[in-house]
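Student: Attaching a single structure in structure tokens format; questions to follow.
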Amino acid sequence: MSEENGKKPAGQALQERLGQAGDRMQDSQAWASIFRPGSIFRKGYSDSPRNRSYVIMNSVMYHLHPVKVKRHAVKVSYTLCLGGLSFFLFILLTVTGIFLMFFYRPTAAQAWDDIQILQTAVGFGLLVRNMHRWAAHLMVLTVFLHMARVFYHGAYKPPREFNWVIGVMLLQLTLLLSFTGYLLPWDQLALWAVTVGTNMMGFTPVFGEQVRFVLLGGVEIGTDTLLRWYVLHVLMLPFVIVIFMAIHFWRVRKDGGISGPL
Amino acid sequence: MTEIPEHLRKRAEEARAKAAGTKGDSSSSPESDTPVASGEVSSTDEKIPAHLLDRGKAASDQPAPVESSDPGLGTGPDGNTQRLLAVVKSGSIQDTKATPIDKVHVWPHLLVIEFLAALGITLFTLLFSIFVNAPLLELADFNKTPNPSKAPWYFLGLQELLTMFHPMVAGVTIPGMGLILLVMAPYMDKNPSRKPEDRKFAISLWTVHLMFWAVLVMIGSFFRGPGFNFVFPWDAGLFFEL
């Protein structure tokens with residue numbers, strides 16, 4: 001068509017130059033220092049059993065996955081991805097939660113206004129808050145369904161008994177994370193839902209009043225409660241749950257991967 | 001160099017002597033049969049385990065190549081013979097797996113699935129968040145108790161129990177016992193089988209347990225109206241916020 005003078009069309013020339021630039025970048029020392037041998041981003045990656053092993057073995061993924069798993073372990077119909085989805089939702093909640101922290105002050109005088117401003121005046125504020133809220137409810141659901149799935153498969157049986165115990169801890173931590181987050185908007189829904197919840201805990205035998213006092217940071221829900229639950233929600237409980245998750249994932253591998261077919 | 005065990009050396013010498021002796025006369029080989037075939041256990045043979053001895057006996061019952069009429073068949077150039085000392089059964093030294101485990105590479109098989117699942121749930125959350133807003137009611141007011149006041153949905157089962165039992169039972173004893181049972185489940189369930197047909201009781205119990213909470217949460221969420229009284233959502237409307 002337009003190749004009369006031996007000239008290539010502009011699009012093709014641009015493509016070639018981009019390709020050359022890409023090659024030069026992949027040749028550079030900096031690139032090779034970032035991507036270890038076997039990385040799919042390294043120059044000359046080809047699909048071979050050796051490189052497939054290197055992709056895991058030479059990357060941070062090796063902390064989570066072995067190089068190979070049982071063929072049965074990749075069947076979606078067995079796990080329904082529920083454990084992985086719970087973990088991914090936790091990451092999604094961390095990312096959206098960090099965004100929300102930039103616009104929120106945990107005091108009774110400011111909290112509700114901050115959320116109002118976040119929703120009306122901050123770019124993507126409403127969307128990110130929505131995502132944080134729905135992902136949180138979804139995570140409670142996926143953790144719960146994951147537990148149901150594990151029981152139905154008898155996957156808590158030896159040698160996986162202790163990992164089940166860790167899992168029950170993770171369920172409780174998930175519920176606590178969700179519940180502490182519930183108070184933070186400081187609206188009528190938050191205040192009274194938390195009132196109902198903490199009143200129940202006040203009936204703990206013997207030291208019920210003390211439990212309630214420690215949880216609320218006083219005898220009544222107030223601005224001290226808000227600060228206390230905020231710190232629990234954004235720092236302490238995530239810290240604890242990450243430790244438990246690390247043990248949970250490590251034990252999955254040490255116990256021989258996920259449980260075999262029925 | 002490892003030393004040749006006494007009994008092996010002795011046996012080899014006997015075999016050599018027998019090979020030398022049978023050159024001319026094949027029928028008379030008295031010393032060759034004595035240690036094993038006669039069944040008498042000499043002092044050197046005591047070190048050999050009984051089952052190996054039996055095996056040696058069985059081997060010596062076979063017509064030995066030496067005893068065949070051709071003298072050159074079982075004899076080496078120096079007069080030595082080859083003998084079967086022991087049969088190593090397969091699996092006794094090398095643990096060969098009867099059925100090798102069928103494995104696949106995590107990259108790409110597992111990582112692609114995980115990536116797609118993460119993408120799917122992100123997309124779902126994003127789309128849902130575009131169309132449905134998280135609730136933000138009016139500012140918290142200690143003087144205005146909403147009617148009904150409800151806990152978050154995952155605690156509504158407990159709140160439902162509050163209508164039936166004393167708060168200490170509903171709020172502490174029942175959930176506390178439930179948690180302890182949940183933690184203890186792997187240690188109480190002694191049934192080693194994971195097949196559903198072998199664990200009908202465990203599966204029934206678990207299903208009843210799940211249904212118990214699911215029903216309580218649903219009643220608490222959708223069938224409780226003002227004063228936490230029982231209502232039908234299609235009559236009285238929905239009193240539920242997520």
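Labels for the structure tokens follow display order: chains A, B, ..., residues from 1 in each chain, ligands from 1.
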Tell me the residues of chain B close to chain A, meaning within 6 Å using only C-alpha atoms, as a list in words.

Tutor: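 Every residue meeting the condition is included here: Asp102, Lys103, Val104, His105, Val106, Trp107, Leu110, Thr125, Ser129, Asn133, Ala134, Leu137, Glu138, Leu139, Ala140, Ser149, Lys150, Ala151, Met168, Gly171, Val172, Val183, Pro186, Arg194 and Lys195 of chain B.
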
Student: For the residues selected in the previous step, produce a file with N, CA and C atoms as a PDB file, in the first residue's frame.

Tutor:
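Result went into out.pdb, see below:
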ATOM      1  N   ASP B 102       0.691 -37.623  40.999  1.00  0.00           N
ATOM      2  CA  ASP B 102       0.491 -36.821  39.806  1.00  0.00           C
ATOM      3  C   ASP B 102       0.572 -35.354  40.195  1.00  0.00           C
ATOM      4  N   LYS B 103       1.617 -34.671  39.737  1.00  0.00           N
ATOM      5  CA  LYS B 103       1.806 -33.280  40.142  1.00  0.00           C
ATOM      6  C   LYS B 103       1.852 -32.356  38.935  1.00  0.00           C
ATOM      7  N   VAL B 104       1.486 -31.108  39.191  1.00  0.00           N
ATOM      8  CA  VAL B 104       1.550 -30.098  38.129  1.00  0.00           C
ATOM      9  C   VAL B 104       2.334 -28.903  38.657  1.00  0.00           C
ATOM     10  N   HIS B 105       2.878 -28.133  37.744  1.00  0.00           N
ATOM     11  CA  HIS B 105       3.615 -26.936  38.137  1.00  0.00           C
ATOM     12  C   HIS B 105       2.655 -25.869  38.662  1.00  0.00           C
ATOM     13  N   VAL B 106       3.047 -25.230  39.763  1.00  0.00           N
ATOM     14  CA  VAL B 106       2.235 -24.150  40.328  1.00  0.00           C
ATOM     15  C   VAL B 106       2.113 -23.004  39.314  1.00  0.00           C
ATOM     16  N   TRP B 107       3.259 -22.655  38.696  1.00  0.00           N
ATOM     17  CA  TRP B 107       3.194 -21.761  37.534  1.00  0.00           C
ATOM     18  C   TRP B 107       3.209 -22.617  36.293  1.00  0.00           C
ATOM     19  N   LEU B 110      -1.634 -23.272  38.908  1.00  0.00           N
ATOM     20  CA  LEU B 110      -2.321 -22.751  40.099  1.00  0.00           C
ATOM     21  C   LEU B 110      -2.372 -21.221  40.090  1.00  0.00           C
ATOM     22  N   THR B 125     -16.606  -6.795  43.601  1.00  0.00           N
ATOM     23  CA  THR B 125     -16.668  -5.772  44.649  1.00  0.00           C
ATOM     24  C   THR B 125     -16.775  -4.386  44.039  1.00  0.00           C
ATOM     25  N   SER B 129     -19.931  -1.991  44.380  1.00  0.00           N
ATOM     26  CA  SER B 129     -19.724  -0.717  45.075  1.00  0.00           C
ATOM     27  C   SER B 129     -20.141   0.475  44.223  1.00  0.00           C
ATOM     28  N   ASN B 133     -24.476   1.765  47.627  1.00  0.00           N
ATOM     29  CA  ASN B 133     -23.685   2.544  48.575  1.00  0.00           C
ATOM     30  C   ASN B 133     -23.733   1.932  49.966  1.00  0.00           C
ATOM     31  N   ALA B 134     -22.618   2.066  50.664  1.00  0.00           N
ATOM     32  CA  ALA B 134     -22.576   1.637  52.061  1.00  0.00           C
ATOM     33  C   ALA B 134     -23.463   2.583  52.871  1.00  0.00           C
ATOM     34  N   LEU B 137     -25.999   6.423  58.211  1.00  0.00           N
ATOM     35  CA  LEU B 137     -27.186   7.040  58.792  1.00  0.00           C
ATOM     36  C   LEU B 137     -26.792   8.371  59.428  1.00  0.00           C
ATOM     37  N   GLU B 138     -27.781   9.006  60.118  1.00  0.00           N
ATOM     38  CA  GLU B 138     -27.462  10.293  60.731  1.00  0.00           C
ATOM     39  C   GLU B 138     -26.489  10.099  61.886  1.00  0.00           C
ATOM     40  N   LEU B 139     -25.887  11.206  62.307  1.00  0.00           N
ATOM     41  CA  LEU B 139     -24.870  11.191  63.360  1.00  0.00           C
ATOM     42  C   LEU B 139     -25.363  10.440  64.599  1.00  0.00           C
ATOM     43  N   ALA B 140     -24.430   9.732  65.242  1.00  0.00           N
ATOM     44  CA  ALA B 140     -24.778   8.958  66.438  1.00  0.00           C
ATOM     45  C   ALA B 140     -25.406   9.862  67.486  1.00  0.00           C
ATOM     46  N   SER B 149     -33.005  -1.970  67.451  1.00  0.00           N
ATOM     47  CA  SER B 149     -31.546  -1.860  67.415  1.00  0.00           C
ATOM     48  C   SER B 149     -30.976  -3.247  67.134  1.00  0.00           C
ATOM     49  N   LYS B 150     -30.213  -3.328  66.077  1.00  0.00           N
ATOM     50  CA  LYS B 150     -29.697  -4.652  65.697  1.00  0.00           C
ATOM     51  C   LYS B 150     -28.179  -4.648  65.652  1.00  0.00           C
ATOM     52  N   ALA B 151     -27.588  -5.771  66.049  1.00  0.00           N
ATOM     53  CA  ALA B 151     -26.143  -5.979  65.943  1.00  0.00           C
ATOM     54  C   ALA B 151     -25.793  -6.230  64.473  1.00  0.00           C
ATOM     55  N   MET B 168     -26.682 -14.135  79.913  1.00  0.00           N
ATOM     56  CA  MET B 168     -25.423 -14.823  80.164  1.00  0.00           C
ATOM     57  C   MET B 168     -25.361 -16.119  79.362  1.00  0.00           C
ATOM     58  N   GLY B 171     -25.376 -14.923  75.453  1.00  0.00           N
ATOM     59  CA  GLY B 171     -24.253 -14.106  74.999  1.00  0.00           C
ATOM     60  C   GLY B 171     -22.898 -14.700  75.310  1.00  0.00           C
ATOM     61  N   VAL B 172     -22.828 -15.559  76.331  1.00  0.00           N
ATOM     62  CA  VAL B 172     -21.520 -16.052  76.747  1.00  0.00           C
ATOM     63  C   VAL B 172     -21.450 -17.581  76.716  1.00  0.00           C
ATOM     64  N   VAL B 183     -13.104 -25.759  68.273  1.00  0.00           N
ATOM     65  CA  VAL B 183     -11.652 -25.951  68.387  1.00  0.00           C
ATOM     66  C   VAL B 183     -11.330 -27.422  68.636  1.00  0.00           C
ATOM     67  N   PRO B 186     -11.386 -31.538  65.780  1.00  0.00           N
ATOM     68  CA  PRO B 186     -10.454 -32.529  65.226  1.00  0.00           C
ATOM     69  C   PRO B 186      -9.955 -33.528  66.262  1.00  0.00           C
ATOM     70  N   ARG B 194     -12.076 -40.008  55.590  1.00  0.00           N
ATOM     71  CA  ARG B 194     -12.537 -38.710  55.104  1.00  0.00           C
ATOM     72  C   ARG B 194     -13.670 -38.876  54.104  1.00  0.00           C
ATOM     73  N   LYS B 195     -14.056 -40.116  53.839  1.00  0.00           N
ATOM     74  CA  LYS B 195     -15.101 -40.352  52.840  1.00  0.00           C
ATOM     75  C   LYS B 195     -16.462 -39.983  53.421  1.00  0.00           C
TER      76      LYS B 195
END

Student: How many Å lie between atom CA of B:Ala15 and atom CA of B:Leu85, rounded to one decimal?

Tutor: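 Separation between atom CA of B:Ala15 and atom CA of B:Leu85: 12.3 Å.
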
Student: Could you check how far atom CA of B:Pro135 sits from atom CA of A:Gly218, in Å to one decimal?

Tutor: 27.3 Å
